[in-house]
file data_10.cif (mmCIF, C-alpha atoms)
data_my_file
loop_
_atom_site.label_atom_id
_atom_site.label_comp_id
_atom_site.auth_asym_id
_atom_site.auth_seq_id
_atom_site.Cartn_x
_atom_site.Cartn_y
_atom_site.Cartn_z
CA MET A 1 124.85 126.40 102.51
CA GLU A 2 122.14 123.98 101.47
CA LYS A 3 122.65 120.32 102.25
CA ASP A 4 123.07 117.86 99.40
CA ILE A 5 119.85 116.75 97.74
CA THR A 6 119.20 113.16 96.79
CA HIS A 7 117.65 113.55 93.36
CA SER A 8 114.55 111.58 92.44
CA CYS A 9 111.57 111.73 90.11
CA ILE A 10 110.45 115.08 91.53
CA ASP A 11 113.69 116.64 90.20
CA CYS A 12 113.08 115.37 86.65
CA ALA A 13 111.66 117.49 83.84
CA VAL A 14 112.12 114.81 81.18
CA THR A 15 109.79 111.97 82.25
CA GLY A 16 111.63 109.52 80.04
CA CYS A 17 109.77 106.72 81.80
CA ASN A 18 106.62 107.99 80.11
CA LYS A 19 108.21 108.67 76.71
CA GLY A 20 110.72 105.83 76.49
CA ALA A 21 113.71 108.11 76.01
CA GLY A 22 115.76 110.82 77.72
CA PHE A 23 116.71 109.46 81.13
CA PRO A 24 118.67 111.69 83.55
CA ASP A 25 121.63 110.26 85.46
CA PHE A 26 119.56 109.88 88.62
CA CYS A 27 116.62 108.20 86.85
CA LEU A 28 114.80 105.66 89.01
CA THR A 29 113.91 103.62 85.93
CA THR A 30 117.47 102.93 84.75
CA GLU A 31 120.62 102.31 86.80
CA ASN A 32 119.11 103.81 89.97
CA ALA A 33 116.08 101.54 89.90
CA ASN A 34 115.00 99.81 93.09
CA ASP A 35 114.51 96.31 91.72
CA ASP A 36 113.24 94.97 95.03
CA ALA A 37 110.47 97.57 95.18
CA LEU A 38 109.58 97.02 91.52
CA ASN A 39 109.44 93.24 91.86
CA CYS A 40 107.41 93.52 95.06
CA ALA A 41 104.93 95.80 93.31
CA PHE A 42 104.52 93.31 90.45
CA GLU A 43 103.81 90.52 92.92
CA LEU A 44 101.21 92.63 94.71
CA TYR A 45 99.43 93.42 91.43
CA ASP A 46 98.74 89.68 91.20
CA ASP A 47 96.41 90.02 94.18
CA PRO A 48 92.89 89.79 92.69
CA VAL A 49 91.62 93.01 94.29
CA ASN A 50 94.75 94.99 93.41
CA HIS A 51 94.61 93.64 89.87
CA ALA A 52 90.96 94.59 89.46
CA MET A 53 91.65 98.12 90.74
CA MET A 54 94.53 98.62 88.33
CA VAL A 55 92.70 97.24 85.31
CA ASN A 56 89.50 99.16 85.99
CA ALA A 57 91.35 102.41 86.67
CA ALA A 58 93.22 102.09 83.38
CA ASP A 59 90.06 101.19 81.47
CA ILE A 60 88.20 104.19 82.84
CA GLU A 61 91.10 106.48 81.95
CA TYR A 62 91.16 105.08 78.41
CA GLU A 63 87.43 105.13 77.79
CA PHE A 64 86.62 108.50 79.35
CA TYR A 65 89.84 110.52 79.08
CA CYS A 66 89.01 114.22 79.58
CA ARG A 67 85.31 113.40 79.34
CA MET A 68 84.32 112.36 82.85
CA THR A 69 84.45 114.50 85.96
CA ARG A 70 86.07 113.11 89.11
CA VAL A 71 82.61 112.43 90.54
CA GLU A 72 81.68 110.41 87.45
CA GLU A 73 84.99 108.54 87.46
CA THR A 74 84.49 107.63 91.10
CA MET A 75 81.05 106.20 90.41
CA GLU A 76 82.29 104.32 87.35
CA PHE A 77 85.16 102.85 89.35
CA ALA A 78 82.78 101.77 92.13
CA LYS A 79 80.44 100.12 89.63
CA ARG A 80 83.23 98.19 87.94
CA MET A 81 84.61 97.05 91.27
CA GLY A 82 81.16 95.85 92.30
CA TYR A 83 80.90 98.22 95.25
CA LYS A 84 77.35 98.82 96.42
CA LYS A 85 77.82 100.74 99.67
CA ILE A 86 79.87 103.93 99.69
CA GLY A 87 81.00 105.85 102.75
CA ILE A 88 81.58 109.57 102.90
CA ALA A 89 83.98 111.02 105.47
CA THR A 90 83.13 114.69 105.39
CA CYS A 91 84.22 117.90 107.04
CA VAL A 92 81.22 119.64 108.59
CA GLY A 93 82.19 122.66 106.51
CA LEU A 94 81.43 120.64 103.38
CA ILE A 95 78.23 119.01 104.56
CA SER A 96 76.22 120.73 101.83
CA GLU A 97 78.55 119.45 99.12
CA SER A 98 78.50 115.99 100.71
CA ARG A 99 74.70 115.98 100.71
CA THR A 100 74.77 116.78 97.00
CA LEU A 101 77.28 113.98 96.43
CA ALA A 102 75.10 111.54 98.37
CA HIS A 103 72.09 112.57 96.26
CA ILE A 104 74.06 111.88 93.07
CA LEU A 105 75.38 108.54 94.31
CA ARG A 106 71.92 107.40 95.40
CA ALA A 107 70.49 108.43 92.04
CA HIS A 108 72.93 105.94 90.51
CA GLY A 109 71.86 103.11 92.77
CA PHE A 110 74.50 103.26 95.49
CA GLU A 111 73.79 102.93 99.18
CA VAL A 112 75.47 105.82 100.98
CA PHE A 113 76.45 106.38 104.59
CA GLY A 114 78.31 109.48 105.77
CA VAL A 115 80.05 110.46 108.98
CA ALA A 116 80.92 114.08 109.70
CA CYS A 117 84.19 115.00 111.38
CA LYS A 118 82.53 116.42 114.49
CA ALA A 119 80.17 113.48 115.06
CA GLY A 120 80.26 112.42 118.70
CA MET A 121 80.98 115.94 119.99
CA VAL A 122 84.29 115.29 121.75
CA ARG A 123 86.09 118.28 123.26
CA LYS A 124 89.51 118.96 121.74
CA THR A 125 91.16 119.02 125.14
CA ALA A 126 89.90 115.48 125.84
CA VAL A 127 92.68 114.05 123.65
CA GLY A 128 95.37 116.51 124.64
CA ILE A 129 94.83 119.18 121.99
CA TYR A 130 95.97 122.56 123.30
CA PRO A 131 93.14 124.68 124.82
CA LYS A 132 94.00 127.58 122.50
CA CYS A 133 92.74 125.48 119.58
CA GLU A 134 89.24 125.64 121.04
CA GLN A 135 89.07 129.27 119.90
CA LEU A 136 88.13 127.84 116.49
CA GLY A 137 85.50 125.59 118.09
CA GLU A 138 85.38 123.36 121.14
CA ASN A 139 84.74 120.04 119.43
CA MET A 140 87.54 118.09 117.78
CA CYS A 141 87.58 116.57 114.35
CA ASN A 142 87.52 112.81 114.87
CA PRO A 143 88.86 111.00 111.78
CA ILE A 144 89.52 107.71 113.58
CA HIS A 145 85.90 107.70 114.75
CA GLN A 146 84.80 108.38 111.17
CA ALA A 147 86.81 105.42 109.91
CA LYS A 148 85.66 103.10 112.67
CA HIS A 149 82.02 104.06 112.17
CA LEU A 150 82.22 103.46 108.42
CA ASN A 151 83.98 100.16 109.08
CA ALA A 152 81.09 99.14 111.30
CA GLU A 153 78.63 100.09 108.56
CA GLY A 154 80.45 97.83 106.11
CA THR A 155 81.17 100.44 103.45
CA GLU A 156 83.09 99.09 100.46
CA LEU A 157 84.64 102.36 99.24
CA ASN A 158 85.16 105.51 101.31
CA ILE A 159 85.32 109.03 99.91
CA ILE A 160 87.16 111.84 101.67
CA MET A 161 85.36 115.16 101.48
CA GLY A 162 87.66 117.92 102.73
CA LEU A 163 89.23 116.38 105.81
CA CYS A 164 92.01 118.48 107.34
CA VAL A 165 95.65 117.73 106.59
CA GLY A 166 96.68 115.03 109.04
CA HIS A 167 93.10 114.03 109.76
CA ASP A 168 92.97 112.56 106.25
CA CYS A 169 96.07 110.52 107.14
CA LEU A 170 94.42 109.10 110.25
CA PHE A 171 91.19 108.35 108.42
CA THR A 172 93.02 106.49 105.67
CA LYS A 173 95.13 104.62 108.21
CA TYR A 174 92.10 103.19 110.01
CA SER A 175 89.67 102.76 107.12
CA GLU A 176 89.15 99.11 106.25
CA ALA A 177 87.67 100.00 102.87
CA PRO A 178 89.81 101.55 100.14
CA VAL A 179 89.84 105.34 100.23
CA THR A 180 89.68 107.91 97.46
CA THR A 181 89.72 111.71 97.82
CA LEU A 182 87.13 113.85 96.08
CA VAL A 183 87.88 117.14 97.86
CA ALA A 184 91.29 118.14 99.28
CA LYS A 185 90.77 120.88 101.85
CA ASP A 186 92.30 124.29 101.19
CA ARG A 187 90.35 126.99 102.98
CA VAL A 188 92.31 129.81 101.33
CA LEU A 189 92.04 128.59 97.74
CA GLY A 190 88.49 127.26 97.71
CA HIS A 191 89.67 123.64 98.06
CA ASN A 192 91.87 123.92 94.98
CA PRO A 193 95.35 123.42 96.50
CA VAL A 194 97.12 123.06 93.17
CA ALA A 195 96.45 126.77 92.53
CA ALA A 196 99.29 127.55 94.97
CA LEU A 197 101.65 125.52 92.78
CA TYR A 198 100.52 127.25 89.61
CA THR A 199 101.23 130.63 91.21
CA ALA A 200 104.35 129.77 93.25
CA ASP A 201 106.41 132.07 91.02
CA SER A 202 103.98 134.97 91.32
CA TYR A 203 101.20 135.40 93.89
CA TYR A 204 102.49 132.72 96.24
CA LYS A 205 106.22 133.40 96.11
CA ARG A 206 106.23 133.15 99.89
CA LEU A 207 105.97 129.38 99.49
CA LEU A 208 109.53 129.34 98.16
CA LYS A 209 110.98 131.21 101.14
CA LYS A 210 112.64 129.23 103.89
CA ASP A 211 111.26 129.58 107.40
#
call {"tool": "encode", "arguments": {"input": "data_10.cif", "output": "structure tokens"}}
result
Amino acid sequence: MEKDITHSCIDCAVTGCNKGAGFPDFCLTTENANDDALNCAFELYDDPVNHAMMVNAADIEYEFYCRMTRVEETMEFAKRMGYKKIGIATCVGLISESRTLAHILRAHGFEVFGVACKAGMVRKTAVGIYPKCEQLGENMCNPIHQAKHLNAEGTELNIIMGLCVGHDCLFTKYSEAPVTTLVAKDRVLGHNPVAALYTADSYYKRLLKKD
């Protein structure tokens, strides 16, 4: 017997909050709203940097809807925020793609500094990773080092290029600059993780099976 589920936005197929009508009983916009969280969010949007991010993001969406690629949107956002120096936190497996990205960014006048996940060459076992994991390579990914190095370089916006699940969490946690993701790693699906969701009722039915 499955335990009771606390319903939330992920259980909604109506999205009345976007349409202005059709709210389910558990809607987080109506009687189940968290007023404290909503009011706190409004206060935080008054922060000048937060406000600029929100306004610029909305303007870019409006002006270039379905016209700009993610790469172009990222550059446009950086320009409007006044960012000059961009950091790239890359997986070594995507170093070629990151070099191409750096070439594009530099062509648009940005200063770019990148740190690869294996930089520093630290053995996995040095931080308590199980020895068996060294079968895939001796040197650990080092997302905290990536963040700290980019912090030291004074980057103003950091881009994640295919960091592993969990490593992206650590990088974001320790990055002093705001972080955006350009590539989400998925080795099986060519770094297109949403494909598993599109095919969860067909090719990837196994995703719906309990362990």
call {"tool": "closest_residue", "arguments": {"input": "data_10.cif", "among": "A:Met121, A:Ile86, A:Val115, A:Ala58", "to": "Asn158 in chain A", "atoms": "only C-alpha atoms"}}
result
A:Ile86
call {"tool": "residues_near_point", "arguments": {"input": "data_10.cif", "point": "(94.0, 119.0, 99.0)", "cutoff": "9 Å", "atoms": "all atoms listed in the file", "output": "MDAnalysis selection string"}}
result
chainID A and resid 162:165 181 183:186 191:194
call {"tool": "write_last_selection", "arguments": {"input": "data_10.cif", "atoms": "C-alpha atoms", "output": "mmCIF file, in the coordinates of the input"}}
result
data_model
loop_
_atom_site.group_PDB
_atom_site.id
_atom_site.type_symbol
_atom_site.label_atom_id
_atom_site.label_comp_id
_atom_site.auth_asym_id
_atom_site.auth_seq_id
_atom_site.Cartn_x
_atom_site.Cartn_y
_atom_site.Cartn_z
ATOM 1 C CA GLY A 162 87.660 117.920 102.730
ATOM 2 C CA LEU A 163 89.230 116.380 105.810
ATOM 3 C CA CYS A 164 92.010 118.480 107.340
ATOM 4 C CA VAL A 165 95.650 117.730 106.590
ATOM 5 C CA THR A 181 89.720 111.710 97.820
ATOM 6 C CA VAL A 183 87.880 117.140 97.860
ATOM 7 C CA ALA A 184 91.290 118.140 99.280
ATOM 8 C CA LYS A 185 90.770 120.880 101.850
ATOM 9 C CA ASP A 186 92.300 124.290 101.190
ATOM 10 C CA HIS A 191 89.670 123.640 98.060
ATOM 11 C CA ASN A 192 91.870 123.920 94.980
ATOM 12 C CA PRO A 193 95.350 123.420 96.500
ATOM 13 C CA VAL A 194 97.120 123.060 93.170
#
call {"tool": "resolve_selection", "arguments": {"input": "data_10.cif", "expression": "the PyMOL selection byres ((chain A and resi 3-8) around 12)", "output": "PyMOL selection string"}}
result
chain A and resi 1-2+9-15+23-30+32-34
call {"tool": "write_last_selection", "arguments": {"input": "data_10.cif", "atoms": "C-alpha atoms", "output": "mmCIF file, in the coordinates of the input"}}
result
data_model
loop_
_atom_site.group_PDB
_atom_site.id
_atom_site.type_symbol
_atom_site.label_atom_id
_atom_site.label_comp_id
_atom_site.auth_asym_id
_atom_site.auth_seq_id
_atom_site.Cartn_x
_atom_site.Cartn_y
_atom_site.Cartn_z
ATOM 1 C CA MET A 1 124.850 126.400 102.510
ATOM 2 C CA GLU A 2 122.140 123.980 101.470
ATOM 3 C CA CYS A 9 111.570 111.730 90.110
ATOM 4 C CA ILE A 10 110.450 115.080 91.530
ATOM 5 C CA ASP A 11 113.690 116.640 90.200
ATOM 6 C CA CYS A 12 113.080 115.370 86.650
ATOM 7 C CA ALA A 13 111.660 117.490 83.840
ATOM 8 C CA VAL A 14 112.120 114.810 81.180
ATOM 9 C CA THR A 15 109.790 111.970 82.250
ATOM 10 C CA PHE A 23 116.710 109.460 81.130
ATOM 11 C CA PRO A 24 118.670 111.690 83.550
ATOM 12 C CA ASP A 25 121.630 110.260 85.460
ATOM 13 C CA PHE A 26 119.560 109.880 88.620
ATOM 14 C CA CYS A 27 116.620 108.200 86.850
ATOM 15 C CA LEU A 28 114.800 105.660 89.010
ATOM 16 C CA THR A 29 113.910 103.620 85.930
ATOM 17 C CA THR A 30 117.470 102.930 84.750
ATOM 18 C CA ASN A 32 119.110 103.810 89.970
ATOM 19 C CA ALA A 33 116.080 101.540 89.900
ATOM 20 C CA ASN A 34 115.000 99.810 93.090
#
call {"tool": "closest_residue", "arguments": {"input": "data_10.cif", "among": "A:Pro178, A:Leu150, A:Leu101, A:Lys85", "to": "Glu72 in chain A", "atoms": "only C-alpha atoms"}}
result
A:Leu101
call {"tool": "atom_distance", "arguments": {"input": "data_10.cif", "atom1": "CA of Asp46 in chain A", "atom2": "CA of Gly20 in chain A"}}
result
24.9 Å
call {"tool": "atom_distance", "arguments": {"input": "data_10.cif", "atom1": "CA of Glu73 in chain A", "atom2": "CA of Ala52 in chain A"}}
result
15.3 Å
call {"tool": "atom_distance", "arguments": {"input": "data_10.cif", "atom1": "CA of Asp59 in chain A", "atom2": "CA of Asn18 in chain A"}}
result
18.0 Å
call {"tool": "closest_residue", "arguments": {"input": "data_10.cif", "among": "A:Leu38, A:Arg123, A:Ala57, A:Tyr204", "to": "Leu189 in chain A", "atoms": "only C-alpha atoms"}}
result
A:Tyr204
call {"tool": "resolve_selection", "arguments": {"input": "data_10.cif", "expression": "the PyMOL selection byres ((chain A and resi 83) around 10)", "output": "list of chain:residue names"}}
result
A:Met75, A:Phe77, A:Ala78, A:Lys79, A:Arg80, A:Met81, A:Gly82, A:Lys84, A:Lys85, A:Ile86, A:Phe110, A:Glu111, A:Thr155, A:Glu156, A:Leu157
call {"tool": "residues_around", "arguments": {"input": "data_10.cif", "residues": "Ala102 in chain A", "least_positions_apart": "2", "cutoff": "12 Å", "atoms": "all atoms listed in the file", "output": "list in words"}}
result
Val71, Met75, Lys85, Ile86, Gly87, Ile88, Ala89, Thr90, Ile95, Ser96, Glu97, Ser98, Arg99, Thr100, Ile104, Leu105, Arg106, Ala107, His108, Gly109, Phe110, Glu111, Val112, Phe113, Gly114, Val115, Ile159 and Met161 of chain A
call {"tool": "write_last_selection", "arguments": {"input": "data_10.cif", "atoms": "C-alpha atoms", "output": "mmCIF file, keeping the file's coordinate frame"}}
result
data_model
loop_
_atom_site.group_PDB
_atom_site.id
_atom_site.type_symbol
_atom_site.label_atom_id
_atom_site.label_comp_id
_atom_site.auth_asym_id
_atom_site.auth_seq_id
_atom_site.Cartn_x
_atom_site.Cartn_y
_atom_site.Cartn_z
ATOM 1 C CA VAL A 71 82.610 112.430 90.540
ATOM 2 C CA MET A 75 81.050 106.200 90.410
ATOM 3 C CA LYS A 85 77.820 100.740 99.670
ATOM 4 C CA ILE A 86 79.870 103.930 99.690
ATOM 5 C CA GLY A 87 81.000 105.850 102.750
ATOM 6 C CA ILE A 88 81.580 109.570 102.900
ATOM 7 C CA ALA A 89 83.980 111.020 105.470
ATOM 8 C CA THR A 90 83.130 114.690 105.390
ATOM 9 C CA ILE A 95 78.230 119.010 104.560
ATOM 10 C CA SER A 96 76.220 120.730 101.830
ATOM 11 C CA GLU A 97 78.550 119.450 99.120
ATOM 12 C CA SER A 98 78.500 115.990 100.710
ATOM 13 C CA ARG A 99 74.700 115.980 100.710
ATOM 14 C CA THR A 100 74.770 116.780 97.000
ATOM 15 C CA ILE A 104 74.060 111.880 93.070
ATOM 16 C CA LEU A 105 75.380 108.540 94.310
ATOM 17 C CA ARG A 106 71.920 107.400 95.400
ATOM 18 C CA ALA A 107 70.490 108.430 92.040
ATOM 19 C CA HIS A 108 72.930 105.940 90.510
ATOM 20 C CA GLY A 109 71.860 103.110 92.770
ATOM 21 C CA PHE A 110 74.500 103.260 95.490
ATOM 22 C CA GLU A 111 73.790 102.930 99.180
ATOM 23 C CA VAL A 112 75.470 105.820 100.980
ATOM 24 C CA PHE A 113 76.450 106.380 104.590
ATOM 25 C CA GLY A 114 78.310 109.480 105.770
ATOM 26 C CA VAL A 115 80.050 110.460 108.980
ATOM 27 C CA ILE A 159 85.320 109.030 99.910
ATOM 28 C CA MET A 161 85.360 115.160 101.480
#
call {"tool": "closest_residue", "arguments": {"input": "data_10.cif", "among": "A:Leu136, A:Cys66, A:Val188, A:Ala147", "to": "Cys169 in chain A", "atoms": "all atoms listed in the file"}}
result
A:Ala147
call {"tool": "residues_around", "arguments": {"input": "data_10.cif", "residues": "Ala116 in chain A", "least_positions_apart": "3", "cutoff": "6 Å", "atoms": "only C-alpha atoms", "output": "PyMOL selection string"}}
result
chain A and resi 90-92+119
call {"tool": "closest_residue", "arguments": {"input": "data_10.cif", "among": "A:Ala41, A:Ile60, A:Leu94, A:Asp35", "to": "Gly190 in chain A", "atoms": "only C-alpha atoms"}}
result
A:Leu94
call {"tool": "build_atoms", "arguments": {"input": "data_10.cif", "residues": "range 62-95 of chain A", "atoms": "N, CA and C atoms", "output": "mmCIF file, in the frame of the given file"}}
result
data_model
loop_
_atom_site.group_PDB
_atom_site.id
_atom_site.type_symbol
_atom_site.label_atom_id
_atom_site.label_comp_id
_atom_site.auth_asym_id
_atom_site.auth_seq_id
_atom_site.Cartn_x
_atom_site.Cartn_y
_atom_site.Cartn_z
ATOM 1 N N TYR A 62 91.162 105.238 79.869
ATOM 2 C CA TYR A 62 91.160 105.080 78.410
ATOM 3 C C TYR A 62 89.814 105.443 77.801
ATOM 4 N N GLU A 63 88.747 104.950 78.384
ATOM 5 C CA GLU A 63 87.430 105.130 77.790
ATOM 6 C C GLU A 63 86.860 106.527 77.962
ATOM 7 N N PHE A 64 87.258 107.209 79.041
ATOM 8 C CA PHE A 64 86.620 108.500 79.350
ATOM 9 C C PHE A 64 87.619 109.632 79.529
ATOM 10 N N TYR A 65 88.773 109.531 78.909
ATOM 11 C CA TYR A 65 89.840 110.520 79.080
ATOM 12 C C TYR A 65 89.349 111.920 78.748
ATOM 13 N N CYS A 66 89.428 112.815 79.731
ATOM 14 C CA CYS A 66 89.010 114.220 79.580
ATOM 15 C C CYS A 66 87.518 114.348 79.242
ATOM 16 N N ARG A 67 86.745 113.337 79.585
ATOM 17 C CA ARG A 67 85.310 113.400 79.340
ATOM 18 C C ARG A 67 84.508 113.283 80.636
ATOM 19 N N MET A 68 85.027 112.540 81.590
ATOM 20 C CA MET A 68 84.320 112.360 82.850
ATOM 21 C C MET A 68 84.888 113.260 83.935
ATOM 22 N N THR A 69 84.010 113.781 84.776
ATOM 23 C CA THR A 69 84.450 114.500 85.960
ATOM 24 C C THR A 69 84.956 113.497 86.997
ATOM 25 N N ARG A 70 85.593 113.996 88.042
ATOM 26 C CA ARG A 70 86.070 113.110 89.110
ATOM 27 C C ARG A 70 84.911 112.389 89.783
ATOM 28 N N VAL A 71 83.788 113.072 89.946
ATOM 29 C CA VAL A 71 82.610 112.430 90.540
ATOM 30 C C VAL A 71 82.169 111.253 89.677
ATOM 31 N N GLU A 72 82.106 111.465 88.372
ATOM 32 C CA GLU A 72 81.680 110.410 87.450
ATOM 33 C C GLU A 72 82.688 109.256 87.426
ATOM 34 N N GLU A 73 83.969 109.591 87.441
ATOM 35 C CA GLU A 73 84.990 108.540 87.460
ATOM 36 C C GLU A 73 84.891 107.698 88.724
ATOM 37 N N THR A 74 84.621 108.353 89.846
ATOM 38 C CA THR A 74 84.490 107.630 91.100
ATOM 39 C C THR A 74 83.329 106.650 91.055
ATOM 40 N N MET A 75 82.212 107.086 90.526
ATOM 41 C CA MET A 75 81.050 106.200 90.410
ATOM 42 C C MET A 75 81.334 105.055 89.443
ATOM 43 N N GLU A 76 81.973 105.359 88.335
ATOM 44 C CA GLU A 76 82.290 104.320 87.350
ATOM 45 C C GLU A 76 83.234 103.285 87.943
ATOM 46 N N PHE A 77 84.220 103.758 88.688
ATOM 47 C CA PHE A 77 85.160 102.850 89.350
ATOM 48 C C PHE A 77 84.413 101.949 90.343
ATOM 49 N N ALA A 78 83.535 102.547 91.135
ATOM 50 C CA ALA A 78 82.780 101.770 92.130
ATOM 51 C C ALA A 78 81.920 100.710 91.457
ATOM 52 N N LYS A 79 81.289 101.078 90.352
ATOM 53 C CA LYS A 79 80.440 100.120 89.630
ATOM 54 C C LYS A 79 81.272 98.954 89.112
ATOM 55 N N ARG A 80 82.404 99.256 88.526
ATOM 56 C CA ARG A 80 83.230 98.190 87.940
ATOM 57 C C ARG A 80 83.859 97.296 88.992
ATOM 58 N N MET A 81 84.071 97.855 90.184
ATOM 59 C CA MET A 81 84.610 97.050 91.270
ATOM 60 C C MET A 81 83.506 96.271 92.009
ATOM 61 N N GLY A 82 82.270 96.549 91.663
ATOM 62 C CA GLY A 82 81.160 95.850 92.300
ATOM 63 C C GLY A 82 80.796 96.392 93.668
ATOM 64 N N TYR A 83 81.214 97.624 93.964
ATOM 65 C CA TYR A 83 80.900 98.220 95.250
ATOM 66 C C TYR A 83 79.454 98.720 95.251
ATOM 67 N N LYS A 84 78.738 98.395 96.296
ATOM 68 C CA LYS A 84 77.350 98.820 96.420
ATOM 69 C C LYS A 84 77.157 99.894 97.484
ATOM 70 N N LYS A 85 77.985 99.829 98.542
ATOM 71 C CA LYS A 85 77.820 100.740 99.670
ATOM 72 C C LYS A 85 79.029 101.652 99.787
ATOM 73 N N ILE A 86 78.793 102.939 99.695
ATOM 74 C CA ILE A 86 79.870 103.930 99.690
ATOM 75 C C ILE A 86 79.783 104.797 100.944
ATOM 76 N N GLY A 87 80.929 104.985 101.583
ATOM 77 C CA GLY A 87 81.000 105.850 102.750
ATOM 78 C C GLY A 87 81.543 107.213 102.393
ATOM 79 N N ILE A 88 81.074 108.210 103.081
ATOM 80 C CA ILE A 88 81.580 109.570 102.900
ATOM 81 C C ILE A 88 82.096 110.070 104.236
ATOM 82 N N ALA A 89 83.379 110.400 104.283
ATOM 83 C CA ALA A 89 83.980 111.020 105.470
ATOM 84 C C ALA A 89 84.101 112.498 105.166
ATOM 85 N N THR A 90 83.236 113.284 105.774
ATOM 86 C CA THR A 90 83.130 114.690 105.390
ATOM 87 C C THR A 90 83.506 115.639 106.526
ATOM 88 N N CYS A 91 84.078 116.748 106.144
ATOM 89 C CA CYS A 91 84.220 117.900 107.040
ATOM 90 C C CYS A 91 82.840 118.520 107.201
ATOM 91 N N VAL A 92 82.535 119.008 108.404
ATOM 92 C CA VAL A 92 81.220 119.640 108.590
ATOM 93 C C VAL A 92 81.096 120.887 107.727
ATOM 94 N N GLY A 93 82.225 121.483 107.371
ATOM 95 C CA GLY A 93 82.190 122.660 106.510
ATOM 96 C C GLY A 93 81.822 122.345 105.077
ATOM 97 N N LEU A 94 81.802 121.057 104.734
ATOM 98 C CA LEU A 94 81.430 120.640 103.380
ATOM 99 C C LEU A 94 80.214 119.729 103.409
ATOM 100 N N ILE A 95 79.399 119.878 104.445
ATOM 101 C CA ILE A 95 78.230 119.010 104.560
ATOM 102 C C ILE A 95 77.248 119.232 103.423
#
